[in-house]
Structures are given as structure tokens and as C-alpha cells.
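**Q** The structure file coords-v3.pdb (PDB, N, CA and C atoms) is provided below.
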```
ATOM      1  N   MET E   1     127.421 113.628  93.075
ATOM      2  CA  MET E   1     126.349 114.580  92.891
ATOM      3  C   MET E   1     125.641 114.281  91.570
ATOM      4  N   THR E   2     124.337 114.256  91.596
ATOM      5  CA  THR E   2     123.572 113.962  90.387
ATOM      6  C   THR E   2     123.278 115.252  89.639
ATOM      7  N   ARG E   3     123.169 115.111  88.340
ATOM      8  CA  ARG E   3     122.862 116.296  87.542
ATOM      9  C   ARG E   3     121.356 116.499  87.499
ATOM     10  N   LYS E   4     120.969 117.743  87.325
ATOM     11  CA  LYS E   4     119.545 118.059  87.237
ATOM     12  C   LYS E   4     119.044 117.695  85.851
ATOM     13  N   ARG E   5     117.957 116.924  85.802
ATOM     14  CA  ARG E   5     117.409 116.501  84.519
ATOM     15  C   ARG E   5     116.570 117.611  83.909
ATOM     16  N   ALA E   6     116.578 117.667  82.595
ATOM     17  CA  ALA E   6     115.707 118.594  81.883
ATOM     18  C   ALA E   6     114.272 118.085  81.993
ATOM     19  N   PHE E   7     113.317 118.969  81.799
ATOM     20  CA  PHE E   7     111.911 118.583  81.902
ATOM     21  C   PHE E   7     111.575 117.496  80.892
ATOM     22  N   ALA E   8     112.179 117.557  79.710
ATOM     23  CA  ALA E   8     111.891 116.569  78.669
ATOM     24  C   ALA E   8     112.414 115.180  79.026
ATOM     25  N   GLU E   9     113.272 115.070  80.032
ATOM     26  CA  GLU E   9     113.783 113.774  80.478
ATOM     27  C   GLU E   9     113.064 113.259  81.719
ATOM     28  N   SER E  10     112.106 113.997  82.211
ATOM     29  CA  SER E  10     111.473 113.660  83.481
ATOM     30  C   SER E  10     110.222 112.804  83.279
ATOM     31  N   PRO E  11     109.803 112.099  84.314
ATOM     32  CA  PRO E  11     108.558 111.334  84.230
ATOM     33  C   PRO E  11     107.333 112.227  84.010
ATOM     34  N   ALA E  12     107.392 113.484  84.485
ATOM     35  CA  ALA E  12     106.261 114.387  84.279
ATOM     36  C   ALA E  12     106.030 114.645  82.793
ATOM     37  N   TYR E  13     107.102 114.742  82.027
ATOM     38  CA  TYR E  13     106.976 114.943  80.586
ATOM     39  C   TYR E  13     106.375 113.706  79.931
ATOM     40  N   ALA E  14     106.765 112.541  80.385
ATOM     41  CA  ALA E  14     106.199 111.305  79.839
ATOM     42  C   ALA E  14     104.705 111.225  80.124
ATOM     43  N   VAL E  15     104.295 111.671  81.307
ATOM     44  CA  VAL E  15     102.869 111.689  81.637
ATOM     45  C   VAL E  15     102.139 112.667  80.726
ATOM     46  N   LEU E  16     102.705 113.850  80.535
ATOM     47  CA  LEU E  16     102.099 114.852  79.670
ATOM     48  C   LEU E  16     101.979 114.335  78.235
ATOM     49  N   LEU E  17     103.037 113.720  77.738
ATOM     50  CA  LEU E  17     103.031 113.177  76.384
ATOM     51  C   LEU E  17     102.026 112.034  76.272
ATOM     52  N   GLY E  18     101.974 111.179  77.279
ATOM     53  CA  GLY E  18     101.024 110.065  77.268
ATOM     54  C   GLY E  18      99.589 110.527  77.306
ATOM     55  N   VAL E  19      99.299 111.537  78.118
ATOM     56  CA  VAL E  19      97.932 112.063  78.203
ATOM     57  C   VAL E  19      97.530 112.680  76.866
ATOM     58  N   SER E  20      98.435 113.430  76.250
ATOM     59  CA  SER E  20      98.090 114.027  74.958
ATOM     60  C   SER E  20      97.904 112.952  73.887
ATOM     61  N   GLY E  21      98.694 111.875  73.958
ATOM     62  CA  GLY E  21      98.526 110.788  73.002
ATOM     63  C   GLY E  21      97.205 110.073  73.172
ATOM     64  N   VAL E  22      96.854 109.778  74.410
ATOM     65  CA  VAL E  22      95.583 109.103  74.673
ATOM     66  C   VAL E  22      94.417 110.016  74.333
ATOM     67  N   TRP E  23      94.563 111.301  74.601
ATOM     68  CA  TRP E  23      93.517 112.270  74.256
ATOM     69  C   TRP E  23      93.292 112.269  72.746
ATOM     70  N   GLY E  24      94.381 112.278  71.995
ATOM     71  CA  GLY E  24      94.256 112.238  70.536
ATOM     72  C   GLY E  24      93.660 110.931  70.052
ATOM     73  N   ALA E  25      94.003 109.840  70.706
ATOM     74  CA  ALA E  25      93.461 108.539  70.309
ATOM     75  C   ALA E  25      91.975 108.434  70.626
ATOM     76  N   ALA E  26      91.541 109.084  71.688
ATOM     77  CA  ALA E  26      90.144 108.987  72.097
ATOM     78  C   ALA E  26      89.245 109.970  71.351
ATOM     79  N   SER E  27      89.829 110.961  70.708
ATOM     80  CA  SER E  27      89.038 111.977  70.029
ATOM     81  C   SER E  27      88.594 111.473  68.660
ATOM     82  N   SER E  28      87.308 111.563  68.407
ATOM     83  CA  SER E  28      86.785 111.080  67.131
ATOM     84  C   SER E  28      86.968 112.101  66.013
ATOM     85  N   GLY E  29      87.424 113.303  66.340
ATOM     86  CA  GLY E  29      87.603 114.330  65.327
ATOM     87  C   GLY E  29      88.884 114.183  64.528
ATOM     88  N   TYR E  30      89.803 113.354  64.996
ATOM     89  CA  TYR E  30      91.075 113.177  64.312
ATOM     90  C   TYR E  30      90.993 112.023  63.314
ATOM     91  N   PRO E  31      91.821 112.060  62.263
ATOM     92  CA  PRO E  31      91.856 110.921  61.334
ATOM     93  C   PRO E  31      92.386 109.661  62.026
ATOM     94  N   ILE E  32      92.134 108.514  61.429
ATOM     95  CA  ILE E  32      92.458 107.233  62.059
ATOM     96  C   ILE E  32      93.956 107.074  62.303
ATOM     97  N   TYR E  33      94.816 107.541  61.374
ATOM     98  CA  TYR E  33      96.259 107.368  61.572
ATOM     99  C   TYR E  33      96.741 108.181  62.770
ATOM    100  N   THR E  34      96.138 109.318  63.023
ATOM    101  CA  THR E  34      96.500 110.124  64.192
ATOM    102  C   THR E  34      96.051 109.429  65.468
ATOM    103  N   ARG E  35      94.891 108.810  65.427
ATOM    104  CA  ARG E  35      94.377 108.119  66.607
ATOM    105  C   ARG E  35      95.216 106.897  66.940
ATOM    106  N   VAL E  36      95.647 106.149  65.923
ATOM    107  CA  VAL E  36      96.493 104.976  66.154
ATOM    108  C   VAL E  36      97.847 105.414  66.705
ATOM    109  N   PHE E  37      98.433 106.448  66.106
ATOM    110  CA  PHE E  37      99.729 106.944  66.568
ATOM    111  C   PHE E  37      99.618 107.471  68.008
ATOM    112  N   GLY E  38      98.541 108.177  68.326
ATOM    113  CA  GLY E  38      98.332 108.675  69.690
ATOM    114  C   GLY E  38      98.217 107.544  70.692
ATOM    115  N   GLY E  39      97.512 106.483  70.316
ATOM    116  CA  GLY E  39      97.407 105.322  71.201
ATOM    117  C   GLY E  39      98.751 104.652  71.421
ATOM    118  N   ALA E  40      99.545 104.563  70.348
ATOM    119  CA  ALA E  40     100.882 103.971  70.471
ATOM    120  C   ALA E  40     101.769 104.820  71.374
ATOM    121  N   ILE E  41     101.694 106.124  71.236
ATOM    122  CA  ILE E  41     102.477 107.022  72.097
ATOM    123  C   ILE E  41     102.045 106.852  73.556
ATOM    124  N   GLY E  42     100.749 106.753  73.792
ATOM    125  CA  GLY E  42     100.263 106.549  75.155
ATOM    126  C   GLY E  42     100.782 105.262  75.771
ATOM    127  N   VAL E  43     100.768 104.182  74.997
ATOM    128  CA  VAL E  43     101.258 102.887  75.491
ATOM    129  C   VAL E  43     102.758 102.947  75.764
ATOM    130  N   LEU E  44     103.515 103.570  74.865
ATOM    131  CA  LEU E  44     104.960 103.688  75.066
ATOM    132  C   LEU E  44     105.289 104.525  76.300
ATOM    133  N   CYS E  45     104.518 105.554  76.547
ATOM    134  CA  CYS E  45     104.760 106.384  77.733
ATOM    135  C   CYS E  45     104.481 105.607  79.017
ATOM    136  N   VAL E  46     103.437 104.806  79.019
ATOM    137  CA  VAL E  46     103.144 103.976  80.195
ATOM    138  C   VAL E  46     104.266 102.973  80.418
ATOM    139  N   ALA E  47     104.759 102.369  79.347
ATOM    140  CA  ALA E  47     105.869 101.412  79.470
ATOM    141  C   ALA E  47     107.117 102.112  80.000
ATOM    142  N   PHE E  48     107.403 103.306  79.508
ATOM    143  CA  PHE E  48     108.554 104.070  79.991
ATOM    144  C   PHE E  48     108.423 104.366  81.482
ATOM    145  N   LEU E  49     107.227 104.767  81.912
ATOM    146  CA  LEU E  49     107.024 105.086  83.328
ATOM    147  C   LEU E  49     107.179 103.846  84.213
ATOM    148  N   VAL E  50     106.692 102.705  83.755
ATOM    149  CA  VAL E  50     106.837 101.466  84.537
ATOM    150  C   VAL E  50     108.317 101.143  84.711
ATOM    151  N   VAL E  51     109.087 101.233  83.633
ATOM    152  CA  VAL E  51     110.519 100.949  83.707
ATOM    153  C   VAL E  51     111.226 101.973  84.593
ATOM    154  N   GLU E  52     110.887 103.233  84.437
ATOM    155  CA  GLU E  52     111.524 104.304  85.223
ATOM    156  C   GLU E  52     111.273 104.112  86.717
ATOM    157  N   PHE E  53     110.030 103.827  87.088
ATOM    158  CA  PHE E  53     109.726 103.659  88.505
ATOM    159  C   PHE E  53     110.306 102.367  89.067
ATOM    160  N   ALA E  54     110.402 101.329  88.263
ATOM    161  CA  ALA E  54     111.054 100.092  88.712
ATOM    162  C   ALA E  54     112.543 100.338  88.943
ATOM    163  N   LYS E  55     113.165 101.109  88.064
ATOM    164  CA  LYS E  55     114.583 101.446  88.214
ATOM    165  C   LYS E  55     114.813 102.253  89.494
ATOM    166  N   ARG E  56     113.934 103.215  89.730
ATOM    167  CA  ARG E  56     114.066 104.033  90.943
ATOM    168  C   ARG E  56     113.918 103.179  92.197
ATOM    169  N   ARG E  57     112.951 102.275  92.177
ATOM    170  CA  ARG E  57     112.722 101.424  93.346
ATOM    171  C   ARG E  57     113.930 100.525  93.590
ATOM    172  N   ARG E  58     114.493  99.964  92.510
ATOM    173  CA  ARG E  58     115.661  99.108  92.640
ATOM    174  C   ARG E  58     116.854  99.895  93.181
ATOM    175  N   ASN E  59     117.059 101.103  92.672
ATOM    176  CA  ASN E  59     118.169 101.937  93.148
ATOM    177  C   ASN E  59     117.980 102.329  94.608
ATOM    178  N   ARG E  60     116.743 102.632  94.984
ATOM    179  CA  ARG E  60     116.468 103.004  96.380
ATOM    180  C   ARG E  60     116.721 101.817  97.311
ATOM    181  N   ALA E  61     116.313 100.624  96.874
ATOM    182  CA  ALA E  61     116.545  99.419  97.684
ATOM    183  C   ALA E  61     118.029  99.117  97.804
ATOM    184  N   ALA E  62     118.762  99.303  96.711
ATOM    185  CA  ALA E  62     120.208  99.063  96.745
ATOM    186  C   ALA E  62     120.909 100.063  97.661
ATOM    187  N   ALA E  63     120.463 101.302  97.636
ATOM    188  CA  ALA E  63     121.054 102.315  98.509
ATOM    189  C   ALA E  63     120.747 102.011  99.975
ATOM    190  N   GLU E  64     119.549 101.512 100.231
ATOM    191  CA  GLU E  64     119.174 101.170 101.606
ATOM    192  C   GLU E  64     120.021 100.000 102.116
ATOM    193  N   VAL E  65     120.256  99.015 101.287
ATOM    194  CA  VAL E  65     121.073  97.871 101.664
ATOM    195  C   VAL E  65     122.504  98.346 101.906
ATOM    196  N   ALA E  66     123.007  99.229 101.061
ATOM    197  CA  ALA E  66     124.363  99.748 101.236
ATOM    198  C   ALA E  66     124.487 100.557 102.521
ATOM    199  N   ASP E  67     123.446 101.307 102.875
ATOM    200  CA  ASP E  67     123.476 102.057 104.121
ATOM    201  C   ASP E  67     123.452 101.144 105.342
ATOM    202  N   ASN E  68     122.743 100.025 105.234
ATOM    203  CA  ASN E  68     122.676  99.087 106.348
ATOM    204  C   ASN E  68     123.976  98.326 106.556
ATOM    205  N   GLU E  69     124.745  98.171 105.502
ATOM    206  CA  GLU E  69     126.013  97.443 105.599
ATOM    207  C   GLU E  69     127.123  98.277 106.241
ATOM    208  N   VAL E  70     126.998  99.573 106.197
ATOM    209  CA  VAL E  70     128.059 100.453 106.734
ATOM    210  C   VAL E  70     127.992 100.575 108.208
TER     211      VAL E  70
END
```
Would you put the structure from the file into C-alpha cells?

**A**
Amino acid sequence: MTRKRAFAESPAYAVLLGVSGVWGAASSGYPIYTRVFGGAIGVLCVAFLVVEFAKRRRNRAAAEVADNEV
């Protein structure tokens, strides 16, 4: 049985954090260091999501292969 993940561990939180980072990076009202940091957060969130979805796909494929072997 898998444990229920907290919202802060979910891909939805990464999307929310990435959107807020990109929003801050795109806003001209913020100082430059905030915009650079926001852009970095956005890039890191996209990288996290790519890895997370690749892991899920690999696990799903492995489970499908295991089901076919039984």
C-alpha cells in the first residue's frame, strides 16, 4: 500500500511553484535578483516534473510487464 503524499510533495505543487517563479521572472516590477531567482526556480520545477513523469512512466511500464508475466 502506498502512502498518501502531502501537497508539497506532489507535481501540482511543483507546477504552482514553477508558475510563480516564471511570473516573478517575467514581471518587470521586481528587482533583477528576484527575476533571476524566479527564472531558476521555474527551470528547476520543469526539470523536476520531467524526472517525476519519466519515473512514473517507467514504473507503470514495469508494472505492466510484471502483470503480463504472471

**Q** So which residues get picked by the PyMOL selection byres (((chain E and resi 17-26 and name CA) around 8) and name CA) here, written as a count of residues only?

**A** 20

**Q** Can you list every residue in chain E that DSSP puts in alpha helix (DSSP H), as a PyMOL selection string?

**A** chain E and resi 11-26+32-69

**Q** Could you please determine the separation between atom C of Glu52 in chain E and atom N of Ala12 in chain E in Å, to one decimal place?

**A**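 Separation between atom C of Glu52 in chain E and atom N of Ala12 in chain E: 10.4 Å.
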
**Q** In Å, with one decimal, what is the gap from atom N of Phe48 in chain E to CA of Glu64 in chain E?

**A**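 Rounded to one decimal, the two atoms are 25.1 Å apart.
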
**Q** Tell me, in Å to one decimal, how far CA of Ala66 in chain E is from CA of Arg3 in chain E.

**A**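 So the two atoms, CA of Ala66 in chain E and CA of Arg3 in chain E, lie 21.5 Å apart.
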
**Q** Taking all atoms of range 48-62 of chain E that the file lists, what box with edges along x, y and z, padded by 8 Å per side, do you get, with centre and edge lengths in Å to one decimal, as lines of an AutoDock Vina configuration file?

**A**
```
center_x = 113.8
center_y = 102.1
center_z = 88.7
size_x = 30.2
size_y = 22.0
size_z = 34.3
```
